[in-house]
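Reproduced below: final_34.cif, with mmCIF, C-alpha atoms and all ligand atoms.
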```cif
data_structure
#
loop_
_atom_site.group_PDB
_atom_site.id
_atom_site.type_symbol
_atom_site.label_atom_id
_atom_site.label_comp_id
_atom_site.auth_asym_id
_atom_site.auth_seq_id
_atom_site.Cartn_x
_atom_site.Cartn_y
_atom_site.Cartn_z
ATOM 1 C CA MET A 1 0.000 0.000 0.000
ATOM 2 C CA HIS A 2 1.499 3.328 -1.046
ATOM 3 C CA ALA A 3 1.488 6.459 1.086
ATOM 4 C CA ALA A 4 -0.132 8.552 -1.656
ATOM 5 C CA ASP A 5 -1.807 8.231 -5.054
ATOM 6 C CA PRO A 6 0.938 8.178 -7.753
ATOM 7 C CA ALA A 7 -1.265 10.067 -10.234
ATOM 8 C CA ARG A 8 -1.684 12.959 -7.803
ATOM 9 C CA LEU A 9 2.009 12.970 -6.984
ATOM 10 C CA LEU A 10 2.729 13.099 -10.730
ATOM 11 C CA ASP A 11 0.372 16.045 -11.239
ATOM 12 C CA LEU A 12 2.202 17.979 -8.537
ATOM 13 C CA ALA A 13 5.659 16.946 -9.829
ATOM 14 C CA THR A 14 4.717 18.003 -13.370
ATOM 15 C CA ASP A 15 3.241 21.374 -12.378
ATOM 16 C CA VAL A 16 6.219 22.231 -10.204
ATOM 17 C CA ALA A 17 8.786 21.018 -12.777
ATOM 18 C CA ARG A 18 7.096 23.128 -15.492
ATOM 19 C CA GLU A 19 7.184 26.236 -13.302
ATOM 20 C CA ALA A 20 10.796 25.546 -12.306
ATOM 21 C CA GLY A 21 11.690 25.029 -15.969
ATOM 22 C CA ARG A 22 10.216 28.406 -16.898
ATOM 23 C CA LEU A 23 12.189 30.125 -14.132
ATOM 24 C CA ALA A 24 15.429 28.378 -15.146
ATOM 25 C CA ALA A 25 14.937 29.122 -18.847
ATOM 26 C CA GLU A 26 14.343 32.814 -18.130
ATOM 27 C CA GLY A 27 17.592 32.933 -16.157
ATOM 28 C CA GLN A 28 19.792 30.986 -18.594
ATOM 29 C CA ALA A 29 21.126 33.933 -20.594
ATOM 30 C CA GLY A 30 23.857 35.651 -18.647
ATOM 31 C CA VAL A 31 23.990 33.086 -15.842
ATOM 32 C CA ASP A 32 27.288 32.796 -14.002
ATOM 33 C CA VAL A 33 29.111 30.335 -11.777
ATOM 34 C CA LEU A 34 28.302 30.819 -8.092
ATOM 35 C CA ASP A 35 30.352 28.017 -6.556
ATOM 36 C CA THR A 36 32.176 24.778 -7.314
ATOM 37 C CA LYS A 37 31.702 21.317 -5.794
ATOM 38 C CA SER A 38 33.968 18.258 -6.286
ATOM 39 C CA THR A 39 36.366 19.942 -8.777
ATOM 40 C CA PRO A 40 36.715 23.421 -10.367
ATOM 41 C CA THR A 41 34.672 22.155 -13.366
ATOM 42 C CA ASP A 42 31.827 20.798 -11.171
ATOM 43 C CA VAL A 43 29.910 24.064 -10.981
ATOM 44 C CA VAL A 44 26.802 25.479 -9.325
ATOM 45 C CA THR A 45 25.026 28.519 -10.742
ATOM 46 C CA GLU A 46 22.759 30.852 -8.802
ATOM 47 C CA MET A 47 19.891 29.334 -10.774
ATOM 48 C CA ASP A 48 20.609 25.778 -9.524
ATOM 49 C CA ARG A 49 20.057 27.085 -6.000
ATOM 50 C CA SER A 50 17.083 29.353 -6.614
ATOM 51 C CA VAL A 51 15.276 26.806 -8.784
ATOM 52 C CA GLU A 52 15.700 24.123 -6.119
ATOM 53 C CA GLU A 53 14.425 26.541 -3.453
ATOM 54 C CA LEU A 54 11.309 27.190 -5.544
ATOM 55 C CA ILE A 55 10.729 23.457 -6.030
ATOM 56 C CA ARG A 56 11.106 22.692 -2.319
ATOM 57 C CA LYS A 57 8.742 25.517 -1.382
ATOM 58 C CA ARG A 58 6.055 24.445 -3.864
ATOM 59 C CA LEU A 59 6.241 20.745 -2.943
ATOM 60 C CA LEU A 60 6.160 21.318 0.805
ATOM 61 C CA ASN A 61 3.395 23.921 0.566
ATOM 62 C CA ALA A 62 1.271 21.355 -1.257
ATOM 63 C CA ARG A 63 2.310 18.400 0.913
ATOM 64 C CA PRO A 64 3.667 19.488 4.308
ATOM 65 C CA GLY A 65 5.572 16.724 6.092
ATOM 66 C CA ASP A 66 7.003 15.060 2.992
ATOM 67 C CA SER A 67 10.723 14.459 2.849
ATOM 68 C CA VAL A 68 12.907 16.053 0.140
ATOM 69 C CA LEU A 69 16.305 15.093 -1.247
ATOM 70 C CA GLY A 70 17.763 17.673 -3.615
ATOM 71 C CA GLU A 71 21.110 17.948 -5.379
ATOM 72 C CA GLU A 72 21.849 21.391 -3.981
ATOM 73 C CA GLY A 73 20.023 21.487 -0.645
ATOM 74 C CA GLY A 74 20.555 17.910 0.579
ATOM 75 C CA SER A 75 18.117 15.920 2.635
ATOM 76 C CA GLU A 76 15.139 17.220 4.602
ATOM 77 C CA PRO A 77 13.403 14.550 6.711
ATOM 78 C CA GLY A 78 9.645 14.030 6.697
ATOM 79 C CA SER A 79 6.930 11.916 8.244
ATOM 80 C CA THR A 80 4.470 10.964 5.483
ATOM 81 C CA GLY A 81 6.302 8.100 3.716
ATOM 82 C CA VAL A 82 6.696 10.245 0.577
ATOM 83 C CA ARG A 83 10.115 11.539 -0.447
ATOM 84 C CA TRP A 84 10.741 13.896 -3.352
ATOM 85 C CA ILE A 85 14.005 13.477 -5.269
ATOM 86 C CA VAL A 86 14.926 16.695 -7.045
ATOM 87 C CA ASP A 87 17.535 17.823 -9.550
ATOM 88 C CA PRO A 88 16.786 21.496 -10.256
ATOM 89 C CA ILE A 89 19.052 21.603 -13.328
ATOM 90 C CA ASP A 90 20.473 18.335 -14.621
ATOM 91 C CA GLY A 91 23.098 19.353 -17.149
ATOM 92 C CA THR A 92 24.415 22.432 -15.373
ATOM 93 C CA VAL A 93 27.446 22.753 -17.662
ATOM 94 C CA ASN A 94 25.176 22.757 -20.732
ATOM 95 C CA TYR A 95 22.988 25.338 -18.989
ATOM 96 C CA LEU A 96 26.009 27.530 -18.324
ATOM 97 C CA TYR A 97 27.123 27.336 -21.958
ATOM 98 C CA GLY A 98 23.695 28.271 -23.344
ATOM 99 C CA ARG A 99 23.060 24.768 -24.716
ATOM 100 C CA ASP A 100 19.640 23.151 -24.660
ATOM 101 C CA GLU A 101 20.290 19.690 -23.163
ATOM 102 C CA TRP A 102 19.364 20.331 -19.534
ATOM 103 C CA ALA A 103 16.333 19.340 -17.534
ATOM 104 C CA VAL A 104 14.385 19.816 -14.336
ATOM 105 C CA SER A 105 13.823 16.434 -12.707
ATOM 106 C CA ILE A 106 11.344 15.626 -9.918
ATOM 107 C CA ALA A 107 10.606 12.095 -8.698
ATOM 108 C CA ALA A 108 8.189 11.010 -5.966
ATOM 109 C CA GLU A 109 9.146 8.011 -3.893
ATOM 110 C CA SER A 110 6.520 6.311 -1.762
ATOM 111 C CA MET A 111 7.607 3.822 0.891
ATOM 112 C CA GLY A 112 11.064 3.702 -0.725
ATOM 113 C CA GLU A 113 9.889 3.116 -4.316
ATOM 114 C CA VAL A 114 9.769 5.737 -7.090
ATOM 115 C CA VAL A 115 6.103 5.853 -8.166
ATOM 116 C CA ALA A 116 5.977 9.056 -10.223
ATOM 117 C CA GLY A 117 8.463 11.139 -12.174
ATOM 118 C CA ALA A 118 8.514 14.272 -14.306
ATOM 119 C CA VAL A 119 11.400 15.517 -16.446
ATOM 120 C CA VAL A 120 10.981 18.879 -18.173
ATOM 121 C CA VAL A 121 13.426 19.893 -20.920
ATOM 122 C CA PRO A 122 12.468 23.571 -21.179
ATOM 123 C CA VAL A 123 14.411 24.731 -24.233
ATOM 124 C CA ARG A 124 13.021 21.839 -26.276
ATOM 125 C CA GLY A 125 9.552 22.294 -24.787
ATOM 126 C CA GLU A 126 9.412 18.613 -23.808
ATOM 127 C CA VAL A 127 7.635 17.248 -20.735
ATOM 128 C CA TYR A 128 8.247 13.579 -19.877
ATOM 129 C CA THR A 129 6.099 11.854 -17.258
ATOM 130 C CA ALA A 130 5.560 8.388 -15.831
ATOM 131 C CA THR A 131 3.820 6.600 -13.001
ATOM 132 C CA LEU A 132 4.763 3.144 -11.775
ATOM 133 C CA GLY A 133 2.808 0.651 -13.885
ATOM 134 C CA GLY A 134 1.001 3.496 -15.676
ATOM 135 C CA GLY A 135 3.310 3.986 -18.658
ATOM 136 C CA ALA A 136 5.581 6.806 -19.807
ATOM 137 C CA TYR A 137 4.501 9.801 -21.846
ATOM 138 C CA CYS A 138 5.990 12.816 -23.585
ATOM 139 C CA ASP A 139 3.532 15.678 -23.996
ATOM 140 C CA GLY A 140 0.657 13.224 -23.712
ATOM 141 C CA ARG A 141 2.057 10.724 -26.257
ATOM 142 C CA ARG A 142 2.762 7.209 -24.947
ATOM 143 C CA LEU A 143 6.454 6.320 -25.136
ATOM 144 C CA ARG A 144 7.894 2.997 -26.287
ATOM 145 C CA ALA A 145 11.637 2.461 -26.557
ATOM 146 C CA ASP A 146 12.931 1.087 -29.861
ATOM 147 C CA ASP A 147 13.338 -2.676 -30.212
ATOM 148 C CA ALA A 148 16.720 -4.163 -29.398
ATOM 149 C CA VAL A 149 19.446 -3.789 -32.003
ATOM 150 C CA PRO A 150 22.742 -5.698 -31.980
ATOM 151 C CA LEU A 151 25.417 -3.907 -29.941
ATOM 152 C CA GLU A 152 27.384 -2.977 -33.066
ATOM 153 C CA MET A 153 24.311 -1.082 -34.347
ATOM 154 C CA ALA A 154 23.578 0.673 -31.043
ATOM 155 C CA LEU A 155 23.854 4.426 -30.481
ATOM 156 C CA VAL A 156 25.181 4.535 -26.928
ATOM 157 C CA CYS A 157 25.037 7.518 -24.568
ATOM 158 C CA THR A 158 27.467 7.929 -21.722
ATOM 159 C CA GLY A 159 28.915 10.598 -19.455
ATOM 160 C CA PHE A 160 32.076 11.351 -17.536
ATOM 161 C CA GLY A 161 32.775 12.271 -13.931
ATOM 162 C CA TYR A 162 34.455 15.469 -12.827
ATOM 163 C CA SER A 163 37.728 14.070 -11.406
ATOM 164 C CA ALA A 164 40.768 13.427 -13.617
ATOM 165 C CA GLU A 165 41.381 9.980 -12.078
ATOM 166 C CA ARG A 166 37.823 8.827 -12.818
ATOM 167 C CA ARG A 167 37.943 10.239 -16.352
ATOM 168 C CA ALA A 168 41.206 8.459 -17.136
ATOM 169 C CA HIS A 169 39.575 5.107 -16.406
ATOM 170 C CA GLN A 170 36.364 6.102 -18.202
ATOM 171 C CA ALA A 171 38.499 6.839 -21.272
ATOM 172 C CA GLU A 172 40.049 3.353 -21.001
ATOM 173 C CA VAL A 173 36.584 1.776 -20.837
ATOM 174 C CA LEU A 174 35.482 3.869 -23.805
ATOM 175 C CA ARG A 175 38.514 2.722 -25.827
ATOM 176 C CA THR A 176 37.039 -0.788 -25.725
ATOM 177 C CA VAL A 177 33.383 0.238 -26.106
ATOM 178 C CA LEU A 178 33.737 2.658 -29.049
ATOM 179 C CA PRO A 179 34.912 0.161 -31.692
ATOM 180 C CA ARG A 180 32.080 -2.201 -30.676
ATOM 181 C CA VAL A 181 29.091 0.148 -31.139
ATOM 182 C CA ARG A 182 27.498 2.312 -33.863
ATOM 183 C CA ASP A 183 28.596 5.494 -32.097
ATOM 184 C CA ILE A 184 28.767 7.313 -28.787
ATOM 185 C CA ARG A 185 26.855 10.410 -27.613
ATOM 186 C CA ARG A 186 27.780 12.528 -24.575
ATOM 187 C CA CYS A 187 24.847 14.877 -24.139
ATOM 188 C CA GLY A 188 25.677 16.213 -20.670
ATOM 189 C CA SER A 189 22.442 15.403 -18.845
ATOM 190 C CA ALA A 190 21.720 11.954 -17.447
ATOM 191 C CA ALA A 191 17.993 12.742 -17.270
ATOM 192 C CA VAL A 192 17.901 13.747 -20.947
ATOM 193 C CA ASP A 193 19.900 10.620 -21.888
ATOM 194 C CA LEU A 194 17.414 8.305 -20.154
ATOM 195 C CA CYS A 195 14.439 10.111 -21.699
ATOM 196 C CA SER A 196 16.156 9.771 -25.099
ATOM 197 C CA LEU A 197 16.163 5.990 -24.661
ATOM 198 C CA ALA A 198 12.499 6.084 -23.736
ATOM 199 C CA ARG A 199 11.612 7.741 -27.049
ATOM 200 C CA GLY A 200 14.080 5.991 -29.360
ATOM 201 C CA ARG A 201 16.616 8.806 -29.779
ATOM 202 C CA ALA A 202 19.347 6.434 -28.582
ATOM 203 C CA ASN A 203 19.610 2.715 -27.882
ATOM 204 C CA ALA A 204 21.646 2.442 -24.695
ATOM 205 C CA TYR A 205 23.252 4.411 -21.887
ATOM 206 C CA TYR A 206 25.830 3.753 -19.226
ATOM 207 C CA GLU A 207 27.500 6.029 -16.720
ATOM 208 C CA ARG A 208 29.501 5.780 -13.521
ATOM 209 C CA GLY A 209 29.131 8.273 -10.687
ATOM 210 C CA LEU A 210 25.515 9.351 -10.931
ATOM 211 C CA ASN A 211 23.337 10.166 -7.937
ATOM 212 C CA ALA A 212 19.707 9.382 -7.157
ATOM 213 C CA TRP A 213 18.586 12.866 -8.249
ATOM 214 C CA ASP A 214 20.146 12.370 -11.714
ATOM 215 C CA TRP A 215 18.193 9.192 -12.494
ATOM 216 C CA GLY A 216 15.208 9.328 -10.045
ATOM 217 C CA ALA A 217 12.472 10.487 -12.416
ATOM 218 C CA ALA A 218 14.100 9.555 -15.733
ATOM 219 C CA ALA A 219 14.784 5.927 -14.753
ATOM 220 C CA LEU A 220 11.059 5.427 -14.111
ATOM 221 C CA ILE A 221 10.231 7.075 -17.456
ATOM 222 C CA ALA A 222 12.713 4.829 -19.283
ATOM 223 C CA ARG A 223 11.501 1.678 -17.487
ATOM 224 C CA GLU A 224 7.874 2.438 -18.224
ATOM 225 C CA ALA A 225 8.876 2.728 -21.909
ATOM 226 C CA GLY A 226 10.377 -0.774 -21.797
ATOM 227 C CA VAL A 227 14.012 -0.032 -20.926
ATOM 228 C CA ARG A 228 15.957 -2.038 -18.310
ATOM 229 C CA VAL A 229 17.690 0.396 -15.942
ATOM 230 C CA GLU A 230 20.023 -1.333 -13.501
ATOM 231 C CA GLY A 231 23.453 -1.515 -11.952
ATOM 232 C CA LEU A 232 25.744 -4.458 -12.623
ATOM 233 C CA HIS A 233 24.748 -8.055 -11.852
ATOM 234 C CA GLY A 234 21.072 -7.316 -11.188
ATOM 235 C CA ALA A 235 21.668 -4.523 -8.656
ATOM 236 C CA PRO A 236 19.402 -1.483 -8.788
ATOM 237 C CA PRO A 237 20.937 1.612 -10.429
ATOM 238 C CA ASN A 238 23.574 3.004 -8.093
ATOM 239 C CA PRO A 239 26.450 5.501 -8.032
ATOM 240 C CA GLU A 240 28.949 2.793 -9.045
ATOM 241 C CA LEU A 241 27.305 2.271 -12.430
ATOM 242 C CA LEU A 242 24.003 2.702 -14.209
ATOM 243 C CA VAL A 243 23.339 0.637 -17.343
ATOM 244 C CA ALA A 244 20.219 1.108 -19.482
ATOM 245 C CA ALA A 245 18.975 -0.549 -22.669
ATOM 246 C CA VAL A 246 16.043 -2.647 -23.816
ATOM 247 C CA PRO A 247 16.232 -6.388 -23.040
ATOM 248 C CA GLY A 248 18.529 -8.189 -25.468
ATOM 249 C CA LEU A 249 20.809 -5.198 -25.965
ATOM 250 C CA PHE A 250 21.073 -4.722 -22.197
ATOM 251 C CA GLU A 251 22.693 -8.131 -21.722
ATOM 252 C CA GLU A 252 25.206 -7.468 -24.524
ATOM 253 C CA LEU A 253 26.227 -4.103 -23.077
ATOM 254 C CA HIS A 254 26.392 -5.536 -19.562
ATOM 255 C CA ALA A 255 28.656 -8.374 -20.759
ATOM 256 C CA LEU A 256 30.982 -5.799 -22.343
ATOM 257 C CA LEU A 257 31.125 -3.427 -19.357
ATOM 258 C CA ALA A 258 31.396 -5.824 -16.399
ATOM 259 C CA PRO A 259 34.866 -7.262 -17.232
ATOM 260 C CA LEU A 260 36.163 -3.746 -17.928
ATOM 261 C CA SER A 261 35.468 -2.756 -14.295
ATOM 262 C CA ALA A 262 33.379 0.124 -15.594
ATOM 263 C CA ASP A 263 31.953 0.353 -12.055
ATOM 264 C CA THR A 264 35.332 1.359 -10.592
ATOM 265 C CA ASP A 265 37.909 4.100 -11.079
ATOM 266 C CA GLY A 266 40.363 1.447 -12.293
ATOM 267 C CA THR A 267 43.359 -0.111 -10.646
ATOM 268 C CA VAL A 268 46.084 0.917 -13.083
ATOM 269 C CA ALA A 269 47.695 4.360 -12.911
ATOM 270 C CA HIS A 270 46.823 6.273 -16.076
ATOM 271 C CA GLN A 271 49.257 8.769 -17.514
ATOM 272 C CA GLY A 272 48.391 12.287 -16.416
ATOM 273 C CA ALA A 273 45.892 11.173 -13.766
HETATM 274 C C1 LIG B 1 25.498 15.787 -14.414
HETATM 275 C C2 LIG B 1 24.859 15.370 -15.709
HETATM 276 C C3 LIG B 1 25.898 14.761 -16.630
HETATM 277 C C4 LIG B 1 26.581 13.599 -15.988
HETATM 278 C C5 LIG B 1 27.168 13.994 -14.649
HETATM 279 C C6 LIG B 1 26.095 14.598 -13.751
HETATM 280 P P1 LIG B 1 24.605 17.940 -13.135
HETATM 281 O O1 LIG B 1 24.541 16.356 -13.540
HETATM 282 O O2 LIG B 1 23.813 14.456 -15.494
HETATM 283 O O3 LIG B 1 25.334 14.276 -17.828
HETATM 284 O O4 LIG B 1 27.600 13.137 -16.846
HETATM 285 O O5 LIG B 1 27.681 12.826 -14.058
HETATM 286 O O6 LIG B 1 26.677 14.987 -12.543
HETATM 287 O O7 LIG B 1 25.835 18.131 -12.303
HETATM 288 O O8 LIG B 1 24.629 18.722 -14.386
HETATM 289 O O9 LIG B 1 23.336 18.120 -12.357
HETATM 290 CA CA CA B 2 22.353 16.152 -12.065
#
```
Just give me the structure as structure tokens.
Ligand code: IPD
Ligand code: CA
Amino acid sequence: MHAADPARLLDLATDVAREAGRLAAEGQAGVDVLDTKSTPTDVVTEMDRSVEELIRKRLLNARPGDSVLGEEGGSEPGSTGVRWIVDPIDGTVNYLYGRDEWAVSIAAESMGEVVAGAVVVPVRGEVYTATLGGGAYCDGRRLRADDAVPLEMALVCTGFGYSAERRAHQAEVLRTVLPRVRDIRRCGSAAVDLCSLARGRANAYYERGLNAWDWGAAALIAREAGVRVEGLHGAPPNPELLVAAVPGLFEELHALLAPLSADTDGTVAHQGA
């Protein structure tokens, strides 16, 4: 039994993500770096913070007592069994550079399970939504991921961490992956990547080092469109590694990545790391 109706949680997530998307889009031109996090290239803009503040305020006004986990503001405990997982701007570097691949992501977890998710990609005018067992949609149109293709025909999305050591190993993994696939895309937003799989704009995705707010809403959207979204060896998606593809292709990609230790920062010292 869930703590709240997923359809109502989705309505709230969608309304708030749309409003947050409008605010972020208005502030994109001329935005500047406010702070840095793990490395000098892991940036926070003033809009990351103010958009997350708006989202928290709207969610808690509508549902006092819920818990919230947000990329910028951390964890706020609650008492209702519902937790919101929020990324105010997923793709902050794209946002900073005036590019359009960034998203507002809001997921609702009930009793520890994500039951509703909304991802808004404001510059493209796209709104992705899903409820657990209720399907995934983009602007009201039901989403179905493309059928499996052989790995060598797959367009594969990935991303890179912010530390040099992690990137050196990610480059080693990529050296093996690239000759085995159709091509690679690095769009710069995990949420956009997962929504791309859900609508057939790419076939597969893998990335090390993501957090729950990056995949919270988009993983549900991808799953509801028929995509497997997991860690290695049947684990749920986790910061070590997230792998996503439709069944058939998923197993091929998993078999390629697991022996490469794509879920680690590598054991060998890479030049320049
Ligand atoms: C980042 C994006 C990017 C991924 C990074 C994430 P942020 O989120 O999702 O695509 O490669 O690992 O940290 O920092 O822009 O919210
Ligand atoms: Ca993010």
Using all atoms listed in the file, which residues of chain A come within 9 Å of ligand LIG 1 (chain B), and what is the closest atom pair for each, with the distance in Å to one decimal? Give it as JSON lines, sorted by chain and residue number.
```
{"residue": "A:Asp42", "atom": "CA", "partner": "B:LIG1", "partner_atom": "O7", "distance": 6.7}
{"residue": "A:Val43", "atom": "CA", "partner": "B:LIG1", "partner_atom": "O7", "distance": 7.3}
{"residue": "A:Val44", "atom": "CA", "partner": "B:LIG1", "partner_atom": "O7", "distance": 8.0}
{"residue": "A:Asp48", "atom": "CA", "partner": "B:LIG1", "partner_atom": "O9", "distance": 8.6}
{"residue": "A:Glu71", "atom": "CA", "partner": "B:LIG1", "partner_atom": "O9", "distance": 7.3}
{"residue": "A:Asp87", "atom": "CA", "partner": "B:LIG1", "partner_atom": "O9", "distance": 6.5}
{"residue": "A:Pro88", "atom": "CA", "partner": "B:LIG1", "partner_atom": "O9", "distance": 7.7}
{"residue": "A:Ile89", "atom": "CA", "partner": "B:LIG1", "partner_atom": "O9", "distance": 5.6}
{"residue": "A:Asp90", "atom": "CA", "partner": "B:LIG1", "partner_atom": "O9", "distance": 3.7}
{"residue": "A:Gly91", "atom": "CA", "partner": "B:LIG1", "partner_atom": "O8", "distance": 3.2}
{"residue": "A:Thr92", "atom": "CA", "partner": "B:LIG1", "partner_atom": "O8", "distance": 3.8}
{"residue": "A:Val93", "atom": "CA", "partner": "B:LIG1", "partner_atom": "O8", "distance": 5.9}
{"residue": "A:Asn94", "atom": "CA", "partner": "B:LIG1", "partner_atom": "O8", "distance": 7.5}
{"residue": "A:Tyr95", "atom": "CA", "partner": "B:LIG1", "partner_atom": "O8", "distance": 8.2}
{"residue": "A:Trp102", "atom": "CA", "partner": "B:LIG1", "partner_atom": "O8", "distance": 7.5}
{"residue": "A:Ala103", "atom": "CA", "partner": "B:LIG1", "partner_atom": "O9", "distance": 8.8}
{"residue": "A:Thr158", "atom": "CA", "partner": "B:LIG1", "partner_atom": "O4", "distance": 7.1}
{"residue": "A:Gly159", "atom": "CA", "partner": "B:LIG1", "partner_atom": "O4", "distance": 3.9}
{"residue": "A:Phe160", "atom": "CA", "partner": "B:LIG1", "partner_atom": "O4", "distance": 4.9}
{"residue": "A:Gly161", "atom": "CA", "partner": "B:LIG1", "partner_atom": "O5", "distance": 5.1}
{"residue": "A:Tyr162", "atom": "CA", "partner": "B:LIG1", "partner_atom": "O5", "distance": 7.4}
{"residue": "A:Arg186", "atom": "CA", "partner": "B:LIG1", "partner_atom": "O3", "distance": 7.4}
{"residue": "A:Cys187", "atom": "CA", "partner": "B:LIG1", "partner_atom": "O3", "distance": 6.4}
{"residue": "A:Gly188", "atom": "CA", "partner": "B:LIG1", "partner_atom": "O3", "distance": 3.5}
{"residue": "A:Ser189", "atom": "CA", "partner": "B:LIG1", "partner_atom": "O3", "distance": 3.3}
{"residue": "A:Ala190", "atom": "CA", "partner": "B:LIG1", "partner_atom": "O2", "distance": 3.8}
{"residue": "A:Ala191", "atom": "CA", "partner": "B:LIG1", "partner_atom": "O2", "distance": 6.3}
{"residue": "A:Val192", "atom": "CA", "partner": "B:LIG1", "partner_atom": "O2", "distance": 8.1}
{"residue": "A:Asp193", "atom": "CA", "partner": "B:LIG1", "partner_atom": "O3", "distance": 7.7}
{"residue": "A:Glu207", "atom": "CA", "partner": "B:LIG1", "partner_atom": "O4", "distance": 7.1}
{"residue": "A:Arg208", "atom": "CA", "partner": "B:LIG1", "partner_atom": "O5", "distance": 7.3}
{"residue": "A:Gly209", "atom": "CA", "partner": "B:LIG1", "partner_atom": "O5", "distance": 5.8}
{"residue": "A:Leu210", "atom": "CA", "partner": "B:LIG1", "partner_atom": "O5", "distance": 5.2}
{"residue": "A:Asn211", "atom": "CA", "partner": "B:LIG1", "partner_atom": "O6", "distance": 7.5}
{"residue": "A:Trp213", "atom": "CA", "partner": "B:LIG1", "partner_atom": "O9", "distance": 8.2}
{"residue": "A:Asp214", "atom": "CA", "partner": "B:LIG1", "partner_atom": "O2", "distance": 5.7}
{"residue": "A:Trp215", "atom": "CA", "partner": "B:LIG1", "partner_atom": "O2", "distance": 8.3}
```
*Name the closest residue to ligand CA 2 (chain B) among the candidates A:Ala212, A:Val177, A:Ala235, A:Leu96; distances are taken between atoms, counting all atoms listed in the file.*
A:Ala212
_Contacts of Leu174 in chain A within 10 Å, all atoms listed in the file, excl. fewer than 5 positions in-chain, as a list in words_ = Thr158, Ala168, His169, Pro179, Arg180, Ile184, Leu257, Leu260 and Ala262 of chain A
_Expected selection from the PyMOL selection byres (((chain A and resi 226-234) around 7) and not hetatm), given as a ChimeraX atom specification_ = /A:144-145,198,219,222-225,235-238,241-247,250,258
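With CA of Ser163 in chain A on one side and atom CA of ligand CA 2 (chain B) on the other, the separation reads 15.5 Å.
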Please rebuild range 236-240 of chain A with all heavy atoms and return the result as a CSV table (one decimal), in the frame of the given file.
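Okay, selection13.csv is ready:
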```
chain,number,residue,atom,x,y,z
A,236,PRO,N,20.1,-2.7,-8.3
A,236,PRO,CA,19.4,-1.5,-8.8
A,236,PRO,C,20.4,-0.4,-9.2
A,236,PRO,O,21.6,-0.5,-8.9
A,236,PRO,CB,18.6,-1.0,-7.5
A,236,PRO,CG,19.2,-1.7,-6.4
A,236,PRO,CD,19.9,-2.9,-6.9
A,237,PRO,N,20.0,0.6,-10.0
A,237,PRO,CA,20.9,1.6,-10.4
A,237,PRO,C,21.6,2.2,-9.2
A,237,PRO,O,20.9,2.4,-8.2
A,237,PRO,CB,20.1,2.6,-11.2
A,237,PRO,CG,18.7,2.2,-11.0
A,237,PRO,CD,18.6,0.8,-10.5
A,238,ASN,N,22.9,2.5,-9.3
A,238,ASN,CA,23.6,3.0,-8.1
A,238,ASN,C,24.7,3.9,-8.6
A,238,ASN,O,25.1,3.9,-9.7
A,238,ASN,CB,24.0,1.8,-7.2
A,238,ASN,CG,25.0,0.9,-8.0
A,238,ASN,OD1,26.1,1.2,-8.2
A,238,ASN,ND2,24.5,-0.2,-8.5
A,239,PRO,N,25.4,4.6,-7.6
A,239,PRO,CA,26.4,5.5,-8.0
A,239,PRO,C,27.7,4.8,-8.7
A,239,PRO,O,28.4,5.4,-9.4
A,239,PRO,CB,26.9,6.2,-6.7
A,239,PRO,CG,25.6,6.1,-5.9
A,239,PRO,CD,25.0,4.8,-6.2
A,240,GLU,N,27.8,3.5,-8.4
A,240,GLU,CA,28.9,2.8,-9.0
A,240,GLU,C,28.8,2.7,-10.6
A,240,GLU,O,29.7,3.0,-11.3
A,240,GLU,CB,29.1,1.4,-8.5
A,240,GLU,CG,29.1,1.2,-7.0
A,240,GLU,CD,30.2,2.1,-6.4
A,240,GLU,OE1,31.3,2.1,-6.9
A,240,GLU,OE2,30.0,2.8,-5.4
```
